[in-house]
>>> print(open('structure14.txt').read())   # compact mmCIF, C-alpha atoms
# COMPACT_ATOMS: atom_id res chain seq x y z
CA MET A 1048 73.92 90.25 108.40
CA PHE A 1049 77.51 89.59 109.45
CA ARG A 1050 78.03 87.30 106.44
CA ARG A 1051 76.67 89.99 104.13
CA LEU A 1052 78.96 92.65 105.64
CA ALA A 1053 81.94 90.31 105.29
CA GLY A 1054 81.08 89.79 101.61
CA VAL A 1055 80.84 93.53 101.02
CA LEU A 1056 84.19 94.08 102.77
CA ALA A 1057 85.87 91.37 100.68
CA ALA A 1058 84.47 92.84 97.45
CA PHE A 1059 85.68 96.30 98.42
CA VAL A 1060 89.20 95.16 99.26
CA LEU A 1061 89.48 93.25 95.97
CA ALA A 1062 88.20 96.24 93.97
CA LEU A 1063 90.59 98.60 95.75
CA LEU A 1064 93.57 96.36 95.16
CA ALA A 1065 92.82 95.65 91.50
CA ILE A 1066 93.99 99.05 90.24
CA PRO A 1067 97.43 99.02 91.91
CA LEU A 1068 97.86 95.48 90.59
CA LEU A 1069 97.69 96.90 87.08
CA ALA A 1070 100.13 99.63 88.05
CA SER A 1071 102.92 97.24 89.03
CA PRO A 1072 105.93 98.37 86.98
CA ALA A 1073 108.88 96.47 85.65
CA ALA A 1074 111.11 98.67 87.77
CA ALA A 1075 110.07 96.67 90.84
CA GLU A 1076 112.07 93.68 89.53
CA GLY A 1077 115.45 95.18 90.47
CA GLU A 1078 117.73 98.17 90.49
CA ASP A 1079 118.80 100.18 87.47
CA VAL A 1080 120.05 103.59 86.39
CA HIS A 1081 118.50 105.23 83.35
CA GLY A 1082 118.09 108.49 81.50
CA ARG A 1083 117.39 110.25 78.22
CA LEU A 1084 119.95 112.06 76.07
CA ARG A 1085 118.71 115.10 74.18
CA ASN A 1086 120.46 117.96 72.45
CA GLY A 1087 117.83 120.68 72.55
CA ASP A 1088 114.70 119.02 71.14
CA ALA A 1089 116.61 116.30 69.26
CA ALA A 1090 117.28 112.83 70.66
CA VAL A 1091 120.91 111.68 70.68
CA ALA A 1092 121.24 107.99 69.76
CA ASP A 1093 124.01 105.38 69.99
CA VAL A 1094 125.86 107.00 72.90
CA ARG A 1095 127.59 104.58 75.28
CA ILE A 1096 126.97 104.79 79.01
CA PHE A 1097 128.65 102.33 81.36
CA VAL A 1098 128.52 101.68 85.11
CA THR A 1099 131.37 100.58 87.41
CA ASP A 1100 131.47 99.45 91.03
CA PRO A 1101 133.73 101.01 93.74
CA ALA A 1102 136.55 98.65 92.71
CA GLY A 1103 136.43 99.98 89.15
CA ASN A 1104 134.92 96.83 87.64
CA GLN A 1105 132.34 97.42 84.92
CA VAL A 1106 128.94 95.99 85.92
CA GLY A 1107 126.95 96.98 82.86
CA GLU A 1108 126.62 99.29 79.89
CA ALA A 1109 124.01 100.52 77.43
CA ARG A 1110 123.65 102.66 74.33
CA SER A 1111 120.94 105.26 73.85
CA ASP A 1112 118.18 104.29 71.43
CA GLY A 1113 116.49 106.33 68.72
CA GLU A 1114 114.57 108.31 71.34
CA GLY A 1115 117.70 108.97 73.39
CA ASN A 1116 116.62 106.58 76.16
CA TRP A 1117 119.11 104.31 77.91
CA ALA A 1118 119.02 102.03 80.94
CA VAL A 1119 121.65 99.91 82.70
CA PRO A 1120 120.43 97.10 85.00
CA LEU A 1121 122.45 96.81 88.21
CA PRO A 1122 123.43 93.65 90.13
CA GLY A 1123 122.01 95.02 93.38
CA PRO A 1124 121.97 98.02 95.74
CA GLY A 1125 125.23 99.81 96.43
CA GLU A 1126 127.44 102.64 95.22
CA TYR A 1127 128.11 102.90 91.50
CA THR A 1128 129.79 105.32 89.10
CA VAL A 1129 127.84 106.16 85.94
CA THR A 1130 130.01 107.34 83.04
CA LEU A 1131 129.13 108.74 79.63
CA ASP A 1132 131.68 107.83 76.93
CA THR A 1133 132.24 111.20 75.28
CA GLU A 1134 134.00 109.56 72.33
CA THR A 1135 130.65 108.10 71.24
CA LEU A 1136 128.94 111.51 71.12
CA PRO A 1137 128.22 112.96 67.65
CA GLU A 1138 130.83 115.47 66.47
CA ASP A 1139 128.50 118.45 66.85
CA VAL A 1140 127.30 117.47 70.36
CA SER A 1141 129.15 117.89 73.63
CA LEU A 1142 128.44 117.78 77.34
CA ARG A 1143 127.17 121.05 78.71
CA ASN A 1144 129.55 120.62 81.64
CA PRO A 1145 132.76 118.82 80.58
CA ASP A 1146 133.38 117.80 84.21
CA ASN A 1147 130.06 115.94 84.32
CA THR A 1148 131.36 112.86 82.50
CA SER A 1149 131.07 110.58 85.55
CA VAL A 1150 128.62 110.67 88.45
CA THR A 1151 128.72 108.47 91.58
CA ARG A 1152 125.31 107.30 92.83
CA SER A 1153 124.17 105.40 95.93
CA ILE A 1154 121.38 103.03 94.87
CA VAL A 1155 118.96 101.50 97.38
CA GLY A 1156 117.07 98.24 96.97
CA GLY A 1157 114.47 98.30 94.19
CA GLN A 1158 115.42 101.80 93.03
CA ALA A 1159 115.21 102.80 89.37
CA ALA A 1160 117.47 105.85 89.50
CA PRO A 1161 117.31 108.58 86.83
CA GLN A 1162 120.61 110.15 85.77
CA LEU A 1163 120.91 113.35 83.76
CA PHE A 1164 123.77 114.18 81.37
CA PRO A 1165 122.92 117.65 79.98
CA LEU A 1166 124.07 118.11 76.38
CA GLY A 1167 124.54 121.17 74.20
CA GLU A 1168 124.37 124.80 75.18
CA GLY A 1169 122.20 125.81 78.09
CA ARG A 1170 122.01 128.33 80.83
CA ALA A 1171 122.72 126.90 84.26
CA VAL A 1172 121.04 128.64 87.13
CA ALA A 1173 123.72 130.36 89.15
CA LYS A 1174 123.39 131.11 92.83
CA SER A 1175 123.40 134.82 91.98
CA ASP A 1176 120.15 134.27 90.05
CA THR A 1177 118.29 133.23 93.20
CA ILE A 1178 117.76 134.70 96.65
CA GLU A 1179 117.64 131.96 99.27
CA TRP A 1180 114.49 132.97 101.13
CA VAL A 1181 112.68 133.81 97.87
CA GLN A 1182 113.65 130.45 96.37
CA LEU A 1183 112.48 128.61 99.49
CA THR A 1184 109.23 130.59 99.49
CA ALA A 1185 108.52 129.52 95.91
CA GLU A 1186 109.27 125.89 96.76
CA GLY A 1187 107.09 126.15 99.87
CA LEU A 1188 104.16 127.49 97.86
CA ARG A 1189 104.55 124.66 95.37
CA PHE A 1190 104.48 122.01 98.10
CA GLY A 1191 101.72 123.82 100.01
CA LEU A 1192 99.42 123.83 96.97
CA ILE A 1193 99.95 120.09 96.42
CA LEU A 1194 99.39 119.41 100.12
CA ALA A 1195 96.20 121.50 99.99
CA LEU A 1196 94.69 119.25 97.31
CA ALA A 1197 94.97 116.25 99.62
CA ALA A 1198 94.04 118.17 102.77
CA VAL A 1199 90.82 119.62 101.29
CA GLY A 1200 89.52 116.13 100.52
CA LEU A 1201 90.41 114.97 104.02
CA SER A 1202 88.69 118.03 105.52
CA LEU A 1203 85.50 117.56 103.46
CA ILE A 1204 85.21 113.91 104.49
CA TYR A 1205 85.71 114.82 108.15
CA GLY A 1206 83.24 117.70 107.92
CA THR A 1207 80.41 115.61 106.45
CA THR A 1208 80.98 112.28 108.25
CA GLY A 1209 83.09 113.06 111.31
CA LEU A 1210 85.54 110.35 110.20
CA VAL A 1211 89.25 110.88 110.86
CA ASN A 1212 90.43 108.90 107.84
CA PHE A 1213 93.97 107.59 108.27
CA SER A 1214 93.75 105.78 104.93
CA HIS A 1215 93.48 109.04 102.98
CA GLY A 1216 97.20 108.98 102.27
CA GLU A 1217 96.76 105.71 100.38
CA LEU A 1218 94.37 107.50 97.99
CA VAL A 1219 97.21 109.92 97.27
CA THR A 1220 99.53 106.99 96.52
CA LEU A 1221 96.84 105.33 94.40
CA GLY A 1222 96.63 108.41 92.18
CA ALA A 1223 100.38 108.44 91.60
CA MET A 1224 100.48 104.71 90.85
CA VAL A 1225 97.50 104.67 88.47
CA ALA A 1226 98.94 107.65 86.58
CA TYR A 1227 102.27 105.80 86.39
CA TRP A 1228 100.50 102.77 84.91
CA PHE A 1229 98.65 104.85 82.32
CA ASN A 1230 101.77 106.83 81.41
CA VAL A 1231 104.52 104.20 81.49
CA GLU A 1232 102.77 100.89 80.86
CA LEU A 1233 100.14 102.12 78.36
CA GLY A 1234 102.20 104.96 76.87
CA ILE A 1235 99.53 107.65 77.41
CA GLN A 1236 100.85 111.22 77.57
CA LEU A 1237 101.00 112.36 81.20
CA LEU A 1238 98.42 115.16 80.91
CA LEU A 1239 95.79 112.76 79.54
CA ALA A 1240 96.93 110.02 81.92
CA GLY A 1241 96.45 112.42 84.83
CA ALA A 1242 92.92 113.32 83.72
CA LEU A 1243 92.00 109.64 83.39
CA THR A 1244 93.51 108.92 86.80
CA VAL A 1245 91.48 111.64 88.51
CA LEU A 1246 88.32 110.24 86.92
CA VAL A 1247 89.13 106.62 87.86
CA CYS A 1248 90.06 107.49 91.44
CA GLY A 1249 86.97 109.68 91.84
CA VAL A 1250 84.78 106.72 90.85
CA ALA A 1251 86.81 104.48 93.18
CA GLY A 1252 86.26 106.95 96.04
CA GLY A 1253 82.49 106.92 95.55
CA ALA A 1254 82.51 103.12 95.31
CA GLN A 1255 84.61 102.93 98.47
CA ASP A 1256 81.94 104.81 100.40
CA ALA A 1257 79.07 102.85 98.87
CA LEU A 1258 80.61 99.42 99.52
CA PHE A 1259 82.39 100.02 102.79
CA TRP A 1260 82.07 103.21 104.80
CA GLY A 1261 78.39 103.63 103.94
CA GLN A 1262 77.70 100.10 105.18
CA LEU A 1263 79.47 100.86 108.46
CA ARG A 1264 77.39 104.00 108.90
CA LYS A 1265 74.19 102.03 108.33
CA ARG A 1266 75.27 99.64 111.09
CA LYS A 1267 75.70 102.68 113.39
CA THR A 1268 79.42 101.96 113.81
CA GLY A 1269 81.02 104.51 116.14
CA LEU A 1270 83.44 107.11 114.82
CA LEU A 1271 86.25 105.78 117.05
CA ALA A 1272 85.78 102.27 115.67
CA MET A 1273 85.72 103.62 112.10
CA MET A 1274 88.92 105.55 112.72
CA ILE A 1275 90.63 102.34 113.91
CA VAL A 1276 89.31 100.55 110.82
CA SER A 1277 90.85 103.29 108.65
CA ILE A 1278 94.22 102.73 110.33
CA GLY A 1279 94.05 99.00 109.63
CA LEU A 1280 92.95 99.62 106.05
CA ALA A 1281 95.84 102.03 105.52
CA LEU A 1282 98.38 99.46 106.76
CA LEU A 1283 96.87 96.72 104.60
CA VAL A 1284 96.76 98.75 101.39
CA ARG A 1285 100.18 100.36 101.92
CA TYR A 1286 102.00 97.06 102.15
CA VAL A 1287 100.03 95.61 99.26
CA TYR A 1288 101.30 98.60 97.30
CA GLN A 1289 104.84 97.75 98.39
CA TYR A 1290 104.41 94.11 97.39
CA LEU A 1291 103.05 95.00 93.95
CA PHE A 1292 105.05 98.15 93.18
CA GLY A 1293 108.28 97.41 95.02
CA GLY A 1294 110.14 99.60 97.48
CA GLY A 1295 111.98 101.73 94.93
CA PHE A 1296 111.29 105.05 93.25
CA SER A 1297 110.07 105.40 89.66
CA SER A 1298 109.54 108.37 87.36
CA TYR A 1299 106.85 109.10 84.83
CA GLU A 1300 107.95 108.39 81.25
CA ASP A 1301 107.71 112.08 80.33
CA TYR A 1302 110.06 113.08 83.17
CA ARG A 1303 112.72 110.39 83.53
CA THR A 1304 115.36 113.15 83.51
CA GLN A 1305 115.31 116.39 85.47
CA PRO A 1306 114.64 119.47 83.29
CA ALA A 1307 116.65 122.61 83.86
CA ARG A 1308 115.20 125.23 86.16
CA GLU A 1309 113.87 128.38 84.55
CA PRO A 1310 114.76 131.64 86.37
CA LEU A 1311 112.13 134.38 86.21
CA ASN A 1312 114.37 137.26 87.37
CA LEU A 1313 112.30 137.35 90.55
CA GLY A 1314 114.87 135.75 92.83
CA PHE A 1315 113.83 132.11 92.32
CA ALA A 1316 114.03 129.38 89.69
CA LEU A 1317 111.81 126.33 89.26
CA ALA A 1318 111.54 123.64 86.61
CA PRO A 1319 108.80 124.21 84.00
CA ARG A 1320 106.81 121.27 85.36
CA ASP A 1321 106.74 122.97 88.79
CA TYR A 1322 105.05 126.05 87.32
CA TRP A 1323 102.49 123.79 85.62
CA SER A 1324 101.93 121.86 88.85
CA MET A 1325 101.31 125.04 90.81
CA GLY A 1326 98.90 126.34 88.16
CA ILE A 1327 96.91 123.09 87.99
CA ALA A 1328 96.70 122.82 91.77
CA ALA A 1329 95.62 126.46 92.16
CA VAL A 1330 92.90 126.13 89.51
CA ALA A 1331 91.57 122.91 91.05
CA LEU A 1332 91.44 124.46 94.53
CA VAL A 1333 89.67 127.60 93.31
CA LEU A 1334 87.07 125.49 91.50
CA VAL A 1335 86.40 123.36 94.59
CA LEU A 1336 86.10 126.35 96.91
CA TRP A 1337 83.82 128.12 94.44
CA ALA A 1338 81.66 125.00 94.09
CA LEU A 1339 81.19 124.85 97.87
CA VAL A 1340 79.80 128.38 97.86
CA GLY A 1341 78.21 128.83 94.45
CA THR A 1342 76.46 125.53 93.66
CA ARG A 1343 73.45 123.73 95.14
CA LEU A 1344 75.53 120.65 95.83
CA GLY A 1345 78.14 122.77 97.59
CA LYS A 1346 75.50 124.41 99.77
CA ALA A 1347 74.04 120.99 100.54
CA THR A 1348 77.52 119.78 101.51
CA ARG A 1349 77.95 122.68 103.92
CA ALA A 1350 74.49 122.03 105.34
CA VAL A 1351 75.33 118.36 105.97
CA ALA A 1352 78.62 119.39 107.58
CA ASP A 1353 76.79 121.84 109.89
CA ASN A 1354 73.91 119.57 110.94
CA PRO A 1355 73.20 116.26 109.15
CA SER A 1356 69.87 115.69 110.91
CA LEU A 1357 68.55 119.14 110.06
CA ALA A 1358 69.81 118.78 106.49
CA ALA A 1359 67.95 115.47 106.11
CA ALA A 1360 64.79 117.04 107.56
CA SER A 1361 65.11 119.80 104.96
CA GLY A 1362 64.95 117.28 102.13
CA ILE A 1363 68.67 116.87 101.43
CA ASP A 1364 69.80 113.36 100.51
CA VAL A 1365 72.60 113.10 103.07
CA ASP A 1366 73.96 109.77 101.80
CA ARG A 1367 74.18 111.11 98.24
CA VAL A 1368 76.03 114.21 99.41
CA ILE A 1369 78.49 112.12 101.41
CA ARG A 1370 79.07 109.84 98.41
CA VAL A 1371 79.86 112.82 96.19
CA VAL A 1372 82.20 114.19 98.86
CA TRP A 1373 84.07 110.87 98.93
CA ALA A 1374 84.36 110.91 95.14
CA VAL A 1375 85.61 114.50 95.07
CA GLY A 1376 87.97 113.87 98.00
CA ALA A 1377 89.47 110.82 96.28
CA ALA A 1378 89.82 112.72 92.99
CA LEU A 1379 91.64 115.60 94.72
CA ALA A 1380 93.88 113.13 96.56
CA ALA A 1381 94.68 111.44 93.23
CA LEU A 1382 95.60 114.79 91.67
CA ALA A 1383 97.83 115.53 94.67
CA GLY A 1384 99.49 112.14 94.21
CA ILE A 1385 100.17 112.78 90.51
CA LEU A 1386 101.76 116.17 91.18
CA LEU A 1387 103.70 114.85 94.17
CA GLY A 1388 104.96 111.93 92.08
CA LEU A 1389 106.02 114.44 89.46
CA ALA A 1390 108.06 116.34 92.05
CA GLN A 1391 109.42 113.45 94.13
CA GLN A 1392 109.04 110.26 92.00
CA VAL A 1393 106.44 107.55 92.62
CA ASN A 1394 106.84 105.33 95.68
CA PHE A 1395 104.55 102.99 97.65
CA ALA A 1396 104.71 105.29 100.72
CA LEU A 1397 104.21 108.56 98.85
CA GLY A 1398 100.90 109.43 100.53
CA PHE A 1399 101.86 108.06 103.94
CA ASN A 1400 104.87 110.38 104.03
CA ILE A 1401 102.63 113.46 103.94
CA LEU A 1402 99.74 112.06 106.03
CA LEU A 1403 100.84 113.78 109.23
CA LEU A 1404 101.28 117.06 107.36
CA MET A 1405 97.75 116.71 105.93
CA PHE A 1406 96.32 116.33 109.43
CA ALA A 1407 98.42 119.27 110.62
CA ALA A 1408 97.11 121.45 107.78
CA VAL A 1409 93.47 120.49 108.43
CA THR A 1410 93.83 121.06 112.18
CA LEU A 1411 95.70 124.32 111.74
CA GLY A 1412 93.15 125.73 109.31
CA GLY A 1413 90.15 124.57 111.33
CA LEU A 1414 88.54 121.14 111.38
CA GLY A 1415 85.95 120.69 108.64
CA SER A 1416 86.79 123.96 106.86
CA ALA A 1417 87.93 123.52 103.24
CA THR A 1418 89.21 127.09 103.06
CA GLY A 1419 91.02 126.55 106.34
CA ALA A 1420 92.64 123.39 104.96
CA VAL A 1421 94.02 125.39 102.03
CA LEU A 1422 95.32 128.14 104.30
CA GLY A 1423 96.80 125.64 106.74
CA SER A 1424 98.51 123.75 103.91
CA LEU A 1425 100.12 126.90 102.54
CA ILE A 1426 101.40 127.84 106.00
CA ILE A 1427 102.78 124.33 106.55
CA GLY A 1428 104.42 124.26 103.11
CA LEU A 1429 106.03 127.66 103.54
CA PHE A 1430 107.31 126.97 107.02
CA ILE A 1431 108.73 123.57 106.05
CA GLN A 1432 110.89 125.13 103.35
CA LEU A 1433 111.78 128.41 105.07
CA SER A 1434 112.77 126.63 108.29
CA THR A 1435 115.74 125.06 106.44
CA ILE A 1436 117.44 128.47 106.63
CA TRP A 1437 117.92 127.87 110.36
CA VAL A 1438 117.60 124.12 110.91
CA SER A 1439 118.78 120.97 109.16
CA PRO A 1440 116.50 119.84 106.29
CA GLU A 1441 115.97 116.57 108.16
CA LEU A 1442 114.18 118.53 110.92
CA LYS A 1443 111.97 120.72 108.74
CA ASN A 1444 108.78 118.70 109.36
CA VAL A 1445 109.35 118.88 113.11
CA GLY A 1446 109.44 122.67 112.90
CA ALA A 1447 106.15 122.73 110.99
CA LEU A 1448 104.45 120.67 113.68
CA GLY A 1449 105.95 123.00 116.29
CA VAL A 1450 104.25 125.95 114.59
CA LEU A 1451 100.99 123.98 114.67
CA ILE A 1452 101.28 123.56 118.45
CA VAL A 1453 102.06 127.25 119.02
CA ILE A 1454 99.13 128.47 116.90
CA LEU A 1455 96.68 126.04 118.53
CA LEU A 1456 97.76 127.24 121.97
CA VAL A 1457 96.63 130.73 120.93
CA ARG A 1458 93.62 129.65 118.85
CA PRO A 1459 92.55 126.08 119.72
CA GLN A 1460 89.83 125.93 117.05
CA GLY A 1461 92.31 126.65 114.26
CA ILE A 1462 92.70 129.73 112.12
CA LEU A 1463 89.28 129.58 110.42
CA GLY A 1464 87.58 127.16 112.81
CA ARG A 1465 84.60 128.04 114.96
CA ARG A 1466 84.53 127.90 118.72
CA GLU A 1467 82.44 125.05 120.06
CA ARG A 1468 80.95 124.74 123.48
CA ILE A 1469 81.47 121.36 125.13
CA GLY A 1470 79.18 120.13 127.86
>>> encode(input="structure14.txt", output="structure tokens")
Amino acid sequence: MFRRLAGVLAAFVLALLAIPLLASPAAAEGEDVHGRLRNGDAAVADVRIFVTDPAGNQVGEARSDGEGNWAVPLPGPGEYTVTLDTETLPEDVSLRNPDNTSVTRSIVGGQAAPQLFPLGEGRAVAKSDTIEWVQLTAEGLRFGLILALAAVGLSLIYGTTGLVNFSHGELVTLGAMVAYWFNVELGIQLLLAGALTVLVCGVAGGAQDALFWGQLRKRKTGLLAMMIVSIGLALLVRYVYQYLFGGGFSSYEDYRTQPAREPLNLGFALAPRDYWSMGIAAVALVLVLWALVGTRLGKATRAVADNPSLAAASGIDVDRVIRVVWAVGAALAALAGILLGLAQQVNFALGFNILLLMFAAVTLGGLGSATGAVLGSLIIGLFIQLSTIWVSPELKNVGALGVLIVILLVRPQGILGRRERIG
């Protein structure tokens, strides 16, 4: 039996690691700075961009291609000045900001750094167009919706199995990396690449339960032992990601440069992709919450979460329900990873960086409650951003966890959690 379990574990680890192996990008080979030059919707070709070190020595140069793309490899991490040679611009094209000819960047090891040189006429977002607390509220809602996608999956898995899964953040990273592979390596448009990624990661989540967690449940492994296994699995997969993907940051092909923010005359301004991200996340969350209430599978999931033994006695296939929950949870985590990679760039620790916030959102909303996870995520996202009005941005996560402690002191079961009698 032990030999069989070891074989299943080995097969699972190999299957899990195969996808990030395909997602290993060329950017992991070293540092570079890159971008795309466009004048409106038209690419601007044959423009010279060169990079110098702090001593003023040129370390590399490039010219934009027919699509406006350019990239300059760097000799290593450090501080560099990126300069656009305005004399090579077409006669009818100019920099939007004439003072933006040179930009100094600090590049860390393995980083592929995007650099934007806006061309042509455009409307910059002035401070008068935004109101600070309104702007931060919009950014908090955006982050809260993305966090909710990951937190709902974590909450569903806990509710049906009782497992506190510390490797859930690696599913978020997996989604970002697989989407990167589809988009950058295979050249698939990001929207289609994202849909394929959600499908692939959903199947991987169901397979993960069938080959690994399901086997542990059959062996009657305790929840504490399974939690420790999830911690070890998270460490293993995270550093395999780092080995394969590198320690730098990479952007999707469609968004190698930062688009201008679009003001809505409502006191805030976000990039167009942020509005799309918020819409996609909101639709996905509404569909999941509706499915939990309005479908037979959703009702079976809630029954398993309430009482697995009674659900099994009622004719519900508990293992099948749990497998579907794992698939849905992994798919939601993958979608969160794609949207987070869109906002922050793809990195091997993308999911790990929000893991603590996921747990905070699930605990704040009420353990095992999907609706509570959404509510908790929105509160965490809003407080993280709004707290920067009073505290340093480096401390914003600390403030969010402080709010979690205060609320749990008043309502220990969480906002939408139920009181439970112990003993």
>>> closest_residue(input="structure14.txt", among="A:Ala1197, A:Leu1263, A:Cys1248, A:Leu1084", to="A:Leu1163", atoms="all atoms listed in the file")
A:Leu1084
>>> closest_residue(input="structure14.txt", among="A:Thr1348, A:Gln1236, A:Asn1444, A:Gln1432", to="A:Gln1182", atoms="only C-alpha atoms")
A:Gln1432
>>> residues_near_point(input="structure14.txt", point="(94.9, 107.6, 106.4)", cutoff="9 Å", atoms="only C-alpha atoms", output="PyMOL selection string")
chain A and resi 1201+1211-1218+1274+1277-1278+1280-1282+1398-1399+1402
>>> atom_distance(input="structure14.txt", atom1="atom CA of A:Val1365", atom2="atom CA of A:Leu1270")
17.1 Å
>>> closest_residue(input="structure14.txt", among="A:Arg1343, A:Arg1458, A:Lys1443, A:Arg1152", to="A:Ile1431", atoms="all atoms listed in the file")
A:Lys1443
>>> residues_around(input="structure14.txt", residues="A:Pro1137", least_positions_apart="3", cutoff="10 Å", atoms="all atoms listed in the file", output="list in words")
Val1091, Ala1092, Asp1093, Val1094, Thr1133, Glu1134, Val1140 and Ser1141 of chain A
>>> residues_near_point(input="structure14.txt", point="(128.6, 104.0, 79.7)", cutoff="10 Å", atoms="all atoms listed in the file", output="list in words")
Val1094, Arg1095, Ile1096, Phe1097, Val1098, Thr1099, Gln1105, Gly1107, Glu1108, Ala1109, Arg1110, Ser1111, Trp1117, Ala1118, Val1119, Thr1128, Val1129, Thr1130, Leu1131, Asp1132, Thr1133, Thr1135, Thr1148 and Ser1149 of chain A
>>> closest_residue(input="structure14.txt", among="A:Ile1204, A:Ala1242, A:Val1335, A:Ala1160", to="A:Gln1392", atoms="all atoms listed in the file")
A:Ala1160
>>> residues_around(input="structure14.txt", residues="A:Gln1460", least_positions_apart="6", cutoff="12 Å", atoms="all atoms listed in the file", output="PDB file with C-alpha atoms, keeping the file's coordinate frame")
ATOM      1  CA  VAL A1409      93.470 120.490 108.430  1.00  0.00           C
ATOM      2  CA  THR A1410      93.830 121.060 112.180  1.00  0.00           C
ATOM      3  CA  LEU A1411      95.700 124.320 111.740  1.00  0.00           C
ATOM      4  CA  GLY A1412      93.150 125.730 109.310  1.00  0.00           C
ATOM      5  CA  GLY A1413      90.150 124.570 111.330  1.00  0.00           C
ATOM      6  CA  LEU A1414      88.540 121.140 111.380  1.00  0.00           C
ATOM      7  CA  GLY A1415      85.950 120.690 108.640  1.00  0.00           C
ATOM      8  CA  SER A1416      86.790 123.960 106.860  1.00  0.00           C
ATOM      9  CA  GLY A1419      91.020 126.550 106.340  1.00  0.00           C
ATOM     10  CA  LEU A1451     100.990 123.980 114.670  1.00  0.00           C
ATOM     11  CA  ILE A1452     101.280 123.560 118.450  1.00  0.00           C
ATOM     12  CA  ILE A1454      99.130 128.470 116.900  1.00  0.00           C
ATOM     13  CA  ARG A1466      84.530 127.900 118.720  1.00  0.00           C
ATOM     14  CA  GLU A1467      82.440 125.050 120.060  1.00  0.00           C
ATOM     15  CA  ARG A1468      80.950 124.740 123.480  1.00  0.00           C
TER      16      ARG A1468
END
>>> closest_residue(input="structure14.txt", among="A:Ser1434, A:Val1219, A:Leu1317, A:Val1421", to="A:Ala1331", atoms="all atoms listed in the file")
A:Val1421
>>> closest_residue(input="structure14.txt", among="A:Ala1195, A:Leu1239, A:Val1450, A:Leu1339", to="A:Leu1379", atoms="all atoms listed in the file")
A:Ala1195
